[in-house]
Amino acid sequence: MDDLLWFHSTNAGVDAVLRSTSWPADVVFTRTVGRMGRRIAEYVLAWMLEERQRASIYHDQQRMRRWQRQQVDLIDGDLAIVFGAGRIGKAVALLLRAAGLRVIGVATAARGAPEFDRVLSSSGAAMHVPQAHWLVSTLPLTDDTRGYFGRDLLGAARGASFINVGRGATVQYDALREALDDGRLRRAVLDVLPTEPPDPDDPLWAMPRTVITPHTAGVTADSDVVEDFRACWEALRRGELPALTVDPERGY
């Protein structure tokens with residue numbers, strides 16, 4: 001890497017790149033985000049609505065040729081806790097608030113952010129989990145977030161649904177299964193797993209009330225790469241540090 005001045009990742013998640021080498025301090029490292037935040041936000045909202053509108057039940061009833069109304073609930077007024085208050089977390093919060101949800105963000109430190117009703121520090125999140133209807137993870141994978149969702153946090157839930165669009169290794173899966181088994185979690189939607197794809201005999205496939213999607217919530221489009229690369233290039237030409245610069249110490 002002696003002649004390397006700038007590296008641009010075509011992905012938003014950069015944990016694999018950072019694990020592969022000791023990143024030189026004098027190399028600018030940027031990443032692609034594009035419209036991923038909006039795509040992920042729509043994914044999150046879609047699964048919330050799918051659950052509340054009983055969409056899967058109606059699919060099953062149609063196959064059985066059964067005409068039976070189900071109780072449909074609104075998401076308006078629900079409390080969602082979004083773990084991660086970066087670009088993607090903010091995009092999720094904006095769409096959820098537009099749909100009528102109350103949204104608390106969780107970041108490394110409490111701060112103001114107009115996209116959220118409030119942003120708490122990681123240490124202050126657990127006390128709000130029992131009141132939450134939805135737990136949404138947009139967390140990157142760092143030393144601090146690995147295994148973040150364990151028994152203490154998931155065990156505090158009181159019927160919430162858990163949606164993970166961040167990184168699979170932020171979850172302790174024994175704790176997730178326990179929370180699903182005893183009803184503390186109503187449901188889990190997992191777009192990311194610690195190993196992708198999981199083996200056919202991986203017990204994750206058989207977890208109760210769980211939907212697994214193949215890392216499709218925030219697929220990067222070619223236009224995202226082009227637009228973000230151009231923006232970074234133009235910033236560097238002006239002698240500025242691009243807004244999409246990664247801090248290797250923080251991991252994002």
# chains A, B, ... in the order shown; residues from 1 in each chain; ligands from 1

$ closest_atom_pairs --of "range 138-169 of chain A" --to "range 193-203 of chain A" --cutoff "7 Å" --atoms "only C-alpha atoms" --output "JSON lines"
{"residue": "A:Arg167", "atom": "CA", "partner": "A:Leu193", "partner_atom": "CA", "distance": 6.8}
{"residue": "A:Gly168", "atom": "CA", "partner": "A:Leu193", "partner_atom": "CA", "distance": 3.8}
{"residue": "A:Ala169", "atom": "CA", "partner": "A:Pro194", "partner_atom": "CA", "distance": 4.7}

$ select_by_dssp --residues "range 42-123 of chain A" --states "alpha helix (DSSP H)" --output "PDB file with all heavy atoms, in the first residue's frame"
ATOM      1  N   GLU A  42     -37.477   1.545   3.791  1.00  0.00           N
ATOM      2  CA  GLU A  42     -38.680   0.959   3.200  1.00  0.00           C
ATOM      3  C   GLU A  42     -38.793  -0.523   3.562  1.00  0.00           C
ATOM      4  O   GLU A  42     -39.896  -1.030   3.776  1.00  0.00           O
ATOM      5  CB  GLU A  42     -38.675   1.167   1.689  1.00  0.00           C
ATOM      6  CG  GLU A  42     -38.869   2.622   1.284  1.00  0.00           C
ATOM      7  CD  GLU A  42     -39.068   2.808  -0.206  1.00  0.00           C
ATOM      8  OE1 GLU A  42     -39.063   1.801  -0.947  1.00  0.00           O
ATOM      9  OE2 GLU A  42     -39.231   3.967  -0.628  1.00  0.00           O
ATOM     10  N   TYR A  43     -37.671  -1.213   3.613  1.00  0.00           N
ATOM     11  CA  TYR A  43     -37.671  -2.624   4.032  1.00  0.00           C
ATOM     12  C   TYR A  43     -38.226  -2.747   5.451  1.00  0.00           C
ATOM     13  O   TYR A  43     -39.090  -3.584   5.738  1.00  0.00           O
ATOM     14  CB  TYR A  43     -36.244  -3.161   3.956  1.00  0.00           C
ATOM     15  CG  TYR A  43     -36.038  -4.556   4.505  1.00  0.00           C
ATOM     16  CD1 TYR A  43     -36.004  -5.653   3.646  1.00  0.00           C
ATOM     17  CD2 TYR A  43     -35.827  -4.782   5.866  1.00  0.00           C
ATOM     18  CE1 TYR A  43     -35.787  -6.935   4.142  1.00  0.00           C
ATOM     19  CE2 TYR A  43     -35.619  -6.055   6.363  1.00  0.00           C
ATOM     20  CZ  TYR A  43     -35.599  -7.126   5.497  1.00  0.00           C
ATOM     21  OH  TYR A  43     -35.391  -8.395   5.989  1.00  0.00           O
ATOM     22  N   VAL A  44     -37.723  -1.906   6.356  1.00  0.00           N
ATOM     23  CA  VAL A  44     -38.173  -1.951   7.754  1.00  0.00           C
ATOM     24  C   VAL A  44     -39.669  -1.673   7.846  1.00  0.00           C
ATOM     25  O   VAL A  44     -40.421  -2.413   8.497  1.00  0.00           O
ATOM     26  CB  VAL A  44     -37.367  -0.946   8.601  1.00  0.00           C
ATOM     27  CG1 VAL A  44     -37.983  -0.811  10.003  1.00  0.00           C
ATOM     28  CG2 VAL A  44     -35.912  -1.378   8.709  1.00  0.00           C
ATOM     29  N   LEU A  45     -40.117  -0.608   7.187  1.00  0.00           N
ATOM     30  CA  LEU A  45     -41.533  -0.254   7.242  1.00  0.00           C
ATOM     31  C   LEU A  45     -42.392  -1.345   6.608  1.00  0.00           C
ATOM     32  O   LEU A  45     -43.487  -1.651   7.107  1.00  0.00           O
ATOM     33  CB  LEU A  45     -41.764   1.082   6.543  1.00  0.00           C
ATOM     34  CG  LEU A  45     -43.210   1.605   6.538  1.00  0.00           C
ATOM     35  CD1 LEU A  45     -43.749   1.757   7.955  1.00  0.00           C
ATOM     36  CD2 LEU A  45     -43.295   2.920   5.781  1.00  0.00           C
ATOM     37  N   ALA A  46     -41.904  -1.944   5.527  1.00  0.00           N
ATOM     38  CA  ALA A  46     -42.674  -2.992   4.849  1.00  0.00           C
ATOM     39  C   ALA A  46     -42.938  -4.168   5.776  1.00  0.00           C
ATOM     40  O   ALA A  46     -44.063  -4.701   5.831  1.00  0.00           O
ATOM     41  CB  ALA A  46     -41.937  -3.462   3.595  1.00  0.00           C
ATOM     42  N   TRP A  47     -41.952  -4.597   6.545  1.00  0.00           N
ATOM     43  CA  TRP A  47     -42.144  -5.738   7.433  1.00  0.00           C
ATOM     44  C   TRP A  47     -43.003  -5.376   8.626  1.00  0.00           C
ATOM     45  O   TRP A  47     -43.745  -6.222   9.157  1.00  0.00           O
ATOM     46  CB  TRP A  47     -40.800  -6.317   7.863  1.00  0.00           C
ATOM     47  CG  TRP A  47     -40.182  -7.138   6.775  1.00  0.00           C
ATOM     48  CD1 TRP A  47     -39.115  -6.809   5.984  1.00  0.00           C
ATOM     49  CD2 TRP A  47     -40.637  -8.414   6.323  1.00  0.00           C
ATOM     50  NE1 TRP A  47     -38.872  -7.801   5.077  1.00  0.00           N
ATOM     51  CE2 TRP A  47     -39.793  -8.807   5.262  1.00  0.00           C
ATOM     52  CE3 TRP A  47     -41.668  -9.273   6.707  1.00  0.00           C
ATOM     53  CZ2 TRP A  47     -39.948 -10.012   4.580  1.00  0.00           C
ATOM     54  CZ3 TRP A  47     -41.821 -10.475   6.031  1.00  0.00           C
ATOM     55  CH2 TRP A  47     -40.971 -10.832   4.992  1.00  0.00           C
ATOM     56  N   MET A  48     -42.926  -4.129   9.065  1.00  0.00           N
ATOM     57  CA  MET A  48     -43.840  -3.693  10.120  1.00  0.00           C
ATOM     58  C   MET A  48     -45.287  -3.767   9.647  1.00  0.00           C
ATOM     59  O   MET A  48     -46.169  -4.303  10.338  1.00  0.00           O
ATOM     60  CB  MET A  48     -43.511  -2.255  10.533  1.00  0.00           C
ATOM     61  CG  MET A  48     -42.229  -2.082  11.306  1.00  0.00           C
ATOM     62  SD  MET A  48     -41.973  -0.335  11.730  1.00  0.00           S
ATOM     63  CE  MET A  48     -40.522  -0.457  12.778  1.00  0.00           C
ATOM     64  N   LEU A  49     -45.531  -3.249   8.450  1.00  0.00           N
ATOM     65  CA  LEU A  49     -46.891  -3.266   7.904  1.00  0.00           C
ATOM     66  C   LEU A  49     -47.345  -4.685   7.585  1.00  0.00           C
ATOM     67  O   LEU A  49     -48.511  -5.029   7.783  1.00  0.00           O
ATOM     68  CB  LEU A  49     -46.954  -2.392   6.648  1.00  0.00           C
ATOM     69  CG  LEU A  49     -46.780  -0.890   6.882  1.00  0.00           C
ATOM     70  CD1 LEU A  49     -46.667  -0.158   5.551  1.00  0.00           C
ATOM     71  CD2 LEU A  49     -47.923  -0.330   7.706  1.00  0.00           C
ATOM     72  N   GLU A  50     -46.426  -5.505   7.105  1.00  0.00           N
ATOM     73  CA  GLU A  50     -46.776  -6.905   6.814  1.00  0.00           C
ATOM     74  C   GLU A  50     -47.275  -7.605   8.064  1.00  0.00           C
ATOM     75  O   GLU A  50     -48.255  -8.363   8.029  1.00  0.00           O
ATOM     76  CB  GLU A  50     -45.542  -7.632   6.260  1.00  0.00           C
ATOM     77  CG  GLU A  50     -45.807  -9.045   5.745  1.00  0.00           C
ATOM     78  CD  GLU A  50     -45.713 -10.105   6.840  1.00  0.00           C
ATOM     79  OE1 GLU A  50     -45.178  -9.804   7.928  1.00  0.00           O
ATOM     80  OE2 GLU A  50     -46.184 -11.226   6.598  1.00  0.00           O
ATOM     81  N   GLU A  51     -46.609  -7.318   9.185  1.00  0.00           N
ATOM     82  CA  GLU A  51     -47.017  -7.945  10.437  1.00  0.00           C
ATOM     83  C   GLU A  51     -48.372  -7.422  10.907  1.00  0.00           C
ATOM     84  O   GLU A  51     -49.280  -8.199  11.233  1.00  0.00           O
ATOM     85  CB  GLU A  51     -45.971  -7.694  11.515  1.00  0.00           C
ATOM     86  CG  GLU A  51     -46.334  -8.293  12.859  1.00  0.00           C
ATOM     87  CD  GLU A  51     -45.269  -8.072  13.914  1.00  0.00           C
ATOM     88  OE1 GLU A  51     -44.065  -8.132  13.580  1.00  0.00           O
ATOM     89  OE2 GLU A  51     -45.653  -7.819  15.073  1.00  0.00           O
ATOM     90  N   ARG A  52     -48.542  -6.116  10.929  1.00  0.00           N
ATOM     91  CA  ARG A  52     -49.763  -5.528  11.466  1.00  0.00           C
ATOM     92  C   ARG A  52     -50.977  -5.767  10.562  1.00  0.00           C
ATOM     93  O   ARG A  52     -52.104  -5.859  11.034  1.00  0.00           O
ATOM     94  CB  ARG A  52     -49.571  -4.040  11.702  1.00  0.00           C
ATOM     95  CG  ARG A  52     -48.674  -3.743  12.889  1.00  0.00           C
ATOM     96  CD  ARG A  52     -49.272  -4.298  14.184  1.00  0.00           C
ATOM     97  NE  ARG A  52     -48.390  -4.100  15.309  1.00  0.00           N
ATOM     98  CZ  ARG A  52     -48.343  -2.986  16.021  1.00  0.00           C
ATOM     99  NH1 ARG A  52     -49.132  -1.975  15.713  1.00  0.00           N
ATOM    100  NH2 ARG A  52     -47.511  -2.890  17.023  1.00  0.00           N
ATOM    101  N   ALA A  55     -50.522  -9.856   6.538  1.00  0.00           N
ATOM    102  CA  ALA A  55     -50.400 -10.218   5.121  1.00  0.00           C
ATOM    103  C   ALA A  55     -50.110 -11.700   4.932  1.00  0.00           C
ATOM    104  O   ALA A  55     -50.702 -12.352   4.066  1.00  0.00           O
ATOM    105  CB  ALA A  55     -49.301  -9.378   4.462  1.00  0.00           C
ATOM    106  N   SER A  56     -49.213 -12.275   5.729  1.00  0.00           N
ATOM    107  CA  SER A  56     -48.871 -13.682   5.543  1.00  0.00           C
ATOM    108  C   SER A  56     -50.056 -14.589   5.878  1.00  0.00           C
ATOM    109  O   SER A  56     -50.246 -15.637   5.248  1.00  0.00           O
ATOM    110  CB  SER A  56     -47.659 -14.047   6.408  1.00  0.00           C
ATOM    111  OG  SER A  56     -47.943 -13.850   7.778  1.00  0.00           O
ATOM    112  N   ILE A  57     -50.864 -14.182   6.868  1.00  0.00           N
ATOM    113  CA  ILE A  57     -52.043 -14.983   7.221  1.00  0.00           C
ATOM    114  C   ILE A  57     -53.027 -15.006   6.055  1.00  0.00           C
ATOM    115  O   ILE A  57     -53.606 -16.051   5.719  1.00  0.00           O
ATOM    116  CB  ILE A  57     -52.708 -14.432   8.491  1.00  0.00           C
ATOM    117  CG1 ILE A  57     -51.765 -14.597   9.690  1.00  0.00           C
ATOM    118  CG2 ILE A  57     -54.039 -15.145   8.763  1.00  0.00           C
ATOM    119  CD1 ILE A  57     -52.303 -13.993  10.973  1.00  0.00           C
ATOM    120  N   TYR A  58     -53.222 -13.862   5.410  1.00  0.00           N
ATOM    121  CA  TYR A  58     -54.141 -13.809   4.278  1.00  0.00           C
ATOM    122  C   TYR A  58     -53.629 -14.634   3.092  1.00  0.00           C
ATOM    123  O   TYR A  58     -54.418 -15.235   2.364  1.00  0.00           O
ATOM    124  CB  TYR A  58     -54.397 -12.362   3.870  1.00  0.00           C
ATOM    125  CG  TYR A  58     -55.317 -11.636   4.822  1.00  0.00           C
ATOM    126  CD1 TYR A  58     -54.967 -10.419   5.384  1.00  0.00           C
ATOM    127  CD2 TYR A  58     -56.547 -12.183   5.176  1.00  0.00           C
ATOM    128  CE1 TYR A  58     -55.813  -9.753   6.260  1.00  0.00           C
ATOM    129  CE2 TYR A  58     -57.403 -11.530   6.055  1.00  0.00           C
ATOM    130  CZ  TYR A  58     -57.033 -10.317   6.598  1.00  0.00           C
ATOM    131  OH  TYR A  58     -57.881  -9.670   7.467  1.00  0.00           O
ATOM    132  N   HIS A  59     -52.313 -14.682   2.902  1.00  0.00           N
ATOM    133  CA  HIS A  59     -51.760 -15.563   1.872  1.00  0.00           C
ATOM    134  C   HIS A  59     -52.112 -17.015   2.169  1.00  0.00           C
ATOM    135  O   HIS A  59     -52.529 -17.773   1.277  1.00  0.00           O
ATOM    136  CB  HIS A  59     -50.233 -15.398   1.782  1.00  0.00           C
ATOM    137  CG  HIS A  59     -49.782 -14.219   0.996  1.00  0.00           C
ATOM    138  ND1 HIS A  59     -50.082 -14.060  -0.336  1.00  0.00           N
ATOM    139  CD2 HIS A  59     -49.048 -13.138   1.348  1.00  0.00           C
ATOM    140  CE1 HIS A  59     -49.547 -12.927  -0.781  1.00  0.00           C
ATOM    141  NE2 HIS A  59     -48.927 -12.343   0.224  1.00  0.00           N
ATOM    142  N   ASP A  60     -51.937 -17.401   3.441  1.00  0.00           N
ATOM    143  CA  ASP A  60     -52.255 -18.774   3.825  1.00  0.00           C
ATOM    144  C   ASP A  60     -53.749 -19.065   3.657  1.00  0.00           C
ATOM    145  O   ASP A  60     -54.133 -20.144   3.184  1.00  0.00           O
ATOM    146  CB  ASP A  60     -51.842 -19.018   5.284  1.00  0.00           C
ATOM    147  CG  ASP A  60     -50.334 -18.984   5.474  1.00  0.00           C
ATOM    148  OD1 ASP A  60     -49.613 -19.168   4.466  1.00  0.00           O
ATOM    149  OD2 ASP A  60     -49.886 -18.757   6.614  1.00  0.00           O
ATOM    150  N   GLN A  61     -54.577 -18.104   4.033  1.00  0.00           N
ATOM    151  CA  GLN A  61     -56.021 -18.312   3.916  1.00  0.00           C
ATOM    152  C   GLN A  61     -56.454 -18.448   2.453  1.00  0.00           C
ATOM    153  O   GLN A  61     -57.357 -19.238   2.139  1.00  0.00           O
ATOM    154  CB  GLN A  61     -56.773 -17.139   4.573  1.00  0.00           C
ATOM    155  CG  GLN A  61     -56.707 -17.164   6.086  1.00  0.00           C
ATOM    156  CD  GLN A  61     -57.561 -16.082   6.737  1.00  0.00           C
ATOM    157  OE1 GLN A  61     -57.568 -15.945   7.953  1.00  0.00           O
ATOM    158  NE2 GLN A  61     -58.294 -15.301   5.952  1.00  0.00           N
ATOM    159  N   GLN A  62     -55.816 -17.698   1.585  1.00  0.00           N
ATOM    160  CA  GLN A  62     -56.178 -17.815   0.173  1.00  0.00           C
ATOM    161  C   GLN A  62     -55.848 -19.201  -0.364  1.00  0.00           C
ATOM    162  O   GLN A  62     -56.641 -19.796  -1.118  1.00  0.00           O
ATOM    163  CB  GLN A  62     -55.465 -16.747  -0.658  1.00  0.00           C
ATOM    164  CG  GLN A  62     -55.838 -16.790  -2.138  1.00  0.00           C
ATOM    165  CD  GLN A  62     -55.200 -15.666  -2.929  1.00  0.00           C
ATOM    166  OE1 GLN A  62     -54.699 -14.708  -2.363  1.00  0.00           O
ATOM    167  NE2 GLN A  62     -55.226 -15.791  -4.243  1.00  0.00           N
ATOM    168  N   ARG A  63     -54.687 -19.728   0.039  1.00  0.00           N
ATOM    169  CA  ARG A  63     -54.323 -21.074  -0.412  1.00  0.00           C
ATOM    170  C   ARG A  63     -55.330 -22.104   0.096  1.00  0.00           C
ATOM    171  O   ARG A  63     -55.604 -23.100  -0.574  1.00  0.00           O
ATOM    172  CB  ARG A  63     -52.910 -21.425   0.061  1.00  0.00           C
ATOM    173  CG  ARG A  63     -51.807 -20.757  -0.748  1.00  0.00           C
ATOM    174  CD  ARG A  63     -50.463 -21.389  -0.442  1.00  0.00           C
ATOM    175  NE  ARG A  63     -50.040 -21.139   0.939  1.00  0.00           N
ATOM    176  CZ  ARG A  63     -49.328 -20.082   1.324  1.00  0.00           C
ATOM    177  NH1 ARG A  63     -48.973 -19.170   0.422  1.00  0.00           N
ATOM    178  NH2 ARG A  63     -48.976 -19.925   2.576  1.00  0.00           N
ATOM    179  N   ARG A  87     -26.233   7.628   9.047  1.00  0.00           N
ATOM    180  CA  ARG A  87     -27.002   7.929   7.839  1.00  0.00           C
ATOM    181  C   ARG A  87     -28.175   6.979   7.654  1.00  0.00           C
ATOM    182  O   ARG A  87     -29.289   7.394   7.329  1.00  0.00           O
ATOM    183  CB  ARG A  87     -26.089   7.869   6.613  1.00  0.00           C
ATOM    184  CG  ARG A  87     -25.126   9.039   6.502  1.00  0.00           C
ATOM    185  CD  ARG A  87     -24.152   8.818   5.346  1.00  0.00           C
ATOM    186  NE  ARG A  87     -23.286   9.960   5.185  1.00  0.00           N
ATOM    187  CZ  ARG A  87     -23.458  10.940   4.295  1.00  0.00           C
ATOM    188  NH1 ARG A  87     -24.499  10.900   3.492  1.00  0.00           N
ATOM    189  NH2 ARG A  87     -22.619  11.947   4.216  1.00  0.00           N
ATOM    190  N   ILE A  88     -27.930   5.687   7.846  1.00  0.00           N
ATOM    191  CA  ILE A  88     -28.994   4.713   7.629  1.00  0.00           C
ATOM    192  C   ILE A  88     -30.029   4.789   8.744  1.00  0.00           C
ATOM    193  O   ILE A  88     -31.236   4.781   8.500  1.00  0.00           O
ATOM    194  CB  ILE A  88     -28.402   3.298   7.495  1.00  0.00           C
ATOM    195  CG1 ILE A  88     -27.572   3.210   6.206  1.00  0.00           C
ATOM    196  CG2 ILE A  88     -29.500   2.240   7.502  1.00  0.00           C
ATOM    197  CD1 ILE A  88     -26.789   1.933   6.050  1.00  0.00           C
ATOM    198  N   GLY A  89     -29.586   4.874   9.978  1.00  0.00           N
ATOM    199  CA  GLY A  89     -30.521   4.993  11.086  1.00  0.00           C
ATOM    200  C   GLY A  89     -31.397   6.230  10.968  1.00  0.00           C
ATOM    201  O   GLY A  89     -32.603   6.187  11.262  1.00  0.00           O
ATOM    202  N   LYS A  90     -30.819   7.332  10.518  1.00  0.00           N
ATOM    203  CA  LYS A  90     -31.601   8.560  10.334  1.00  0.00           C
ATOM    204  C   LYS A  90     -32.648   8.385   9.241  1.00  0.00           C
ATOM    205  O   LYS A  90     -33.780   8.866   9.373  1.00  0.00           O
ATOM    206  CB  LYS A  90     -30.670   9.716   9.990  1.00  0.00           C
ATOM    207  CG  LYS A  90     -29.816  10.193  11.157  1.00  0.00           C
ATOM    208  CD  LYS A  90     -28.865  11.287  10.718  1.00  0.00           C
ATOM    209  CE  LYS A  90     -28.019  11.780  11.896  1.00  0.00           C
ATOM    210  NZ  LYS A  90     -27.035  12.806  11.459  1.00  0.00           N
ATOM    211  N   ALA A  91     -32.278   7.717   8.151  1.00  0.00           N
ATOM    212  CA  ALA A  91     -33.246   7.495   7.068  1.00  0.00           C
ATOM    213  C   ALA A  91     -34.403   6.619   7.546  1.00  0.00           C
ATOM    214  O   ALA A  91     -35.563   6.865   7.207  1.00  0.00           O
ATOM    215  CB  ALA A  91     -32.549   6.846   5.870  1.00  0.00           C
ATOM    216  N   VAL A  92     -34.098   5.598   8.340  1.00  0.00           N
ATOM    217  CA  VAL A  92     -35.146   4.749   8.903  1.00  0.00           C
ATOM    218  C   VAL A  92     -36.054   5.575   9.808  1.00  0.00           C
ATOM    219  O   VAL A  92     -37.285   5.496   9.728  1.00  0.00           O
ATOM    220  CB  VAL A  92     -34.530   3.566   9.684  1.00  0.00           C
ATOM    221  CG1 VAL A  92     -35.606   2.802  10.452  1.00  0.00           C
ATOM    222  CG2 VAL A  92     -33.796   2.625   8.735  1.00  0.00           C
ATOM    223  N   ALA A  93     -35.461   6.389  10.664  1.00  0.00           N
ATOM    224  CA  ALA A  93     -36.242   7.205  11.593  1.00  0.00           C
ATOM    225  C   ALA A  93     -37.161   8.168  10.862  1.00  0.00           C
ATOM    226  O   ALA A  93     -38.328   8.346  11.247  1.00  0.00           O
ATOM    227  CB  ALA A  93     -35.301   7.967  12.531  1.00  0.00           C
ATOM    228  N   LEU A  94     -36.668   8.793   9.808  1.00  0.00           N
ATOM    229  CA  LEU A  94     -37.479   9.749   9.054  1.00  0.00           C
ATOM    230  C   LEU A  94     -38.735   9.094   8.487  1.00  0.00           C
ATOM    231  O   LEU A  94     -39.835   9.647   8.578  1.00  0.00           O
ATOM    232  CB  LEU A  94     -36.656  10.363   7.918  1.00  0.00           C
ATOM    233  CG  LEU A  94     -35.775  11.553   8.256  1.00  0.00           C
ATOM    234  CD1 LEU A  94     -34.908  11.923   7.056  1.00  0.00           C
ATOM    235  CD2 LEU A  94     -36.615  12.750   8.683  1.00  0.00           C
ATOM    236  N   LEU A  95     -38.574   7.905   7.893  1.00  0.00           N
ATOM    237  CA  LEU A  95     -39.724   7.241   7.283  1.00  0.00           C
ATOM    238  C   LEU A  95     -40.696   6.741   8.346  1.00  0.00           C
ATOM    239  O   LEU A  95     -41.916   6.846   8.188  1.00  0.00           O
ATOM    240  CB  LEU A  95     -39.257   6.087   6.395  1.00  0.00           C
ATOM    241  CG  LEU A  95     -40.353   5.436   5.539  1.00  0.00           C
ATOM    242  CD1 LEU A  95     -41.024   6.454   4.625  1.00  0.00           C
ATOM    243  CD2 LEU A  95     -39.773   4.279   4.717  1.00  0.00           C
ATOM    244  N   LEU A  96     -40.164   6.216   9.441  1.00  0.00           N
ATOM    245  CA  LEU A  96     -41.041   5.718  10.499  1.00  0.00           C
ATOM    246  C   LEU A  96     -41.826   6.851  11.147  1.00  0.00           C
ATOM    247  O   LEU A  96     -43.012   6.707  11.444  1.00  0.00           O
ATOM    248  CB  LEU A  96     -40.229   4.959  11.553  1.00  0.00           C
ATOM    249  CG  LEU A  96     -39.531   3.675  11.090  1.00  0.00           C
ATOM    250  CD1 LEU A  96     -38.914   2.953  12.280  1.00  0.00           C
ATOM    251  CD2 LEU A  96     -40.470   2.750  10.329  1.00  0.00           C
ATOM    252  N   ARG A  97     -41.183   7.971  11.360  1.00  0.00           N
ATOM    253  CA  ARG A  97     -41.901   9.112  11.937  1.00  0.00           C
ATOM    254  C   ARG A  97     -42.968   9.626  10.969  1.00  0.00           C
ATOM    255  O   ARG A  97     -44.050  10.043  11.398  1.00  0.00           O
ATOM    256  CB  ARG A  97     -40.929  10.217  12.309  1.00  0.00           C
ATOM    257  CG  ARG A  97     -40.046   9.868  13.500  1.00  0.00           C
ATOM    258  CD  ARG A  97     -39.159  11.023  13.900  1.00  0.00           C
ATOM    259  NE  ARG A  97     -39.926  12.069  14.572  1.00  0.00           N
ATOM    260  CZ  ARG A  97     -39.429  13.289  14.819  1.00  0.00           C
ATOM    261  NH1 ARG A  97     -38.195  13.599  14.429  1.00  0.00           N
ATOM    262  NH2 ARG A  97     -40.158  14.180  15.457  1.00  0.00           N
ATOM    263  N   ALA A  98     -42.664   9.596   9.671  1.00  0.00           N
ATOM    264  CA  ALA A  98     -43.667  10.010   8.680  1.00  0.00           C
ATOM    265  C   ALA A  98     -44.875   9.078   8.709  1.00  0.00           C
ATOM    266  O   ALA A  98     -45.994   9.489   8.364  1.00  0.00           O
ATOM    267  CB  ALA A  98     -43.049  10.029   7.288  1.00  0.00           C
TER     268      ALA A  98
END

$ select_by_dssp --residues "range 10-84 of chain A" --states "strand (DSSP E or B)" --output "mmCIF file with C-alpha atoms, in the first residue's frame"
data_model
loop_
_atom_site.group_PDB
_atom_site.id
_atom_site.type_symbol
_atom_site.label_atom_id
_atom_site.label_comp_id
_atom_site.auth_asym_id
_atom_site.auth_seq_id
_atom_site.Cartn_x
_atom_site.Cartn_y
_atom_site.Cartn_z
ATOM 1 C CA VAL A 28 -8.232 8.200 2.864
ATOM 2 C CA PHE A 29 -10.905 5.505 3.138
ATOM 3 C CA THR A 30 -14.380 6.342 1.796
ATOM 4 C CA ARG A 31 -17.490 4.247 1.314
ATOM 5 C CA LEU A 79 -42.594 3.263 19.767
ATOM 6 C CA ALA A 80 -39.616 2.151 17.691
ATOM 7 C CA ILE A 81 -36.060 2.122 19.017
ATOM 8 C CA VAL A 82 -33.521 2.414 16.208
ATOM 9 C CA PHE A 83 -30.063 1.290 17.265
#

$ residues_around --residues "range 224-241 of chain A" --least-positions-apart "3" --cutoff "9 Å" --atoms "only C-alpha atoms" --output "ChimeraX atom specification"
/A:8-11,28,30-36,220-221,244-245

$ residues_around --residues "range 152-157 of chain A" --least-positions-apart "4" --cutoff "7 Å" --atoms "only C-alpha atoms" --output "number ranges by chain"
A: 126, 129-130, 175-176, 179, 184-185

$ residues_around --residues "Gly166 in chain A" --least-positions-apart "4" --cutoff "6 Å" --atoms "only C-alpha atoms" --output "list in words"
Ser137, Thr138, Leu139 and Pro140 of chain A

$ closest_atom_pairs --of "range 42-108 of chain A" --to "range 118-121 of chain A" --cutoff "8 Å" --atoms "only C-alpha atoms" --output "JSON lines"
{"residue": "A:Ala85", "atom": "CA", "partner": "A:Val119", "partner_atom": "CA", "distance": 7.7}
{"residue": "A:Val103", "atom": "CA", "partner": "A:Arg118", "partner_atom": "CA", "distance": 7.3}
{"residue": "A:Ile104", "atom": "CA", "partner": "A:Arg118", "partner_atom": "CA", "distance": 5.2}
{"residue": "A:Gly105", "atom": "CA", "partner": "A:Val119", "partner_atom": "CA", "distance": 4.4}
{"residue": "A:Val106", "atom": "CA", "partner": "A:Leu120", "partner_atom": "CA", "distance": 4.9}
{"residue": "A:Ala107", "atom": "CA", "partner": "A:Ser121", "partner_atom": "CA", "distance": 5.2}
{"residue": "A:Thr108", "atom": "CA", "partner": "A:Ser121", "partner_atom": "CA", "distance": 5.3}

$ closest_residue --among "A:Arg158, A:Ala25, A:Arg65, A:Trp6" --to "Met127 in chain A" --atoms "only C-alpha atoms"
A:Arg158

$ closest_residue --among "A:Leu4, A:Ile40, A:Leu18, A:Ala109" --to "Val219 in chain A" --atoms "only C-alpha atoms"
A:Ile40

$ closest_residue --among "A:Val17, A:Gln172, A:Gly159, A:Leu74" --to "Arg146 in chain A" --atoms "only C-alpha atoms"
A:Gln172

$ closest_residue --among "A:Gly147, A:Asp78, A:Asp117, A:Leu204" --to "Gln131 in chain A" --atoms "only C-alpha atoms"
A:Asp78

$ residues_around --residues "Ile212 in chain A" --least-positions-apart "2" --cutoff "7 Å" --atoms "only C-alpha atoms" --output "mmCIF file with N, CA and C atoms, in the first residue's frame"
data_model
loop_
_atom_site.group_PDB
_atom_site.id
_atom_site.type_symbol
_atom_site.label_atom_id
_atom_site.label_comp_id
_atom_site.auth_asym_id
_atom_site.auth_seq_id
_atom_site.Cartn_x
_atom_site.Cartn_y
_atom_site.Cartn_z
ATOM 1 N N VAL A 189 -37.119 -10.371 12.278
ATOM 2 C CA VAL A 189 -36.868 -10.295 10.837
ATOM 3 C C VAL A 189 -35.376 -10.032 10.677
ATOM 4 N N LEU A 190 -34.676 -10.975 10.064
ATOM 5 C CA LEU A 190 -33.221 -10.919 9.986
ATOM 6 C C LEU A 190 -32.781 -10.842 8.527
ATOM 7 N N ASP A 191 -32.255 -9.695 8.138
ATOM 8 C CA ASP A 191 -31.704 -9.557 6.790
ATOM 9 C C ASP A 191 -30.214 -9.831 6.771
ATOM 10 N N THR A 210 -39.684 -16.294 12.926
ATOM 11 C CA THR A 210 -38.540 -15.578 12.372
ATOM 12 C C THR A 210 -38.574 -15.621 10.850
ATOM 13 N N PRO A 214 -32.208 -12.700 2.347
ATOM 14 C CA PRO A 214 -30.802 -12.884 1.969
ATOM 15 C C PRO A 214 -30.025 -11.580 1.761
#

$ atom_distance --atom1 "CA of Thr145 in chain A" --atom2 "CA of Ala132 in chain A"
20.3 Å
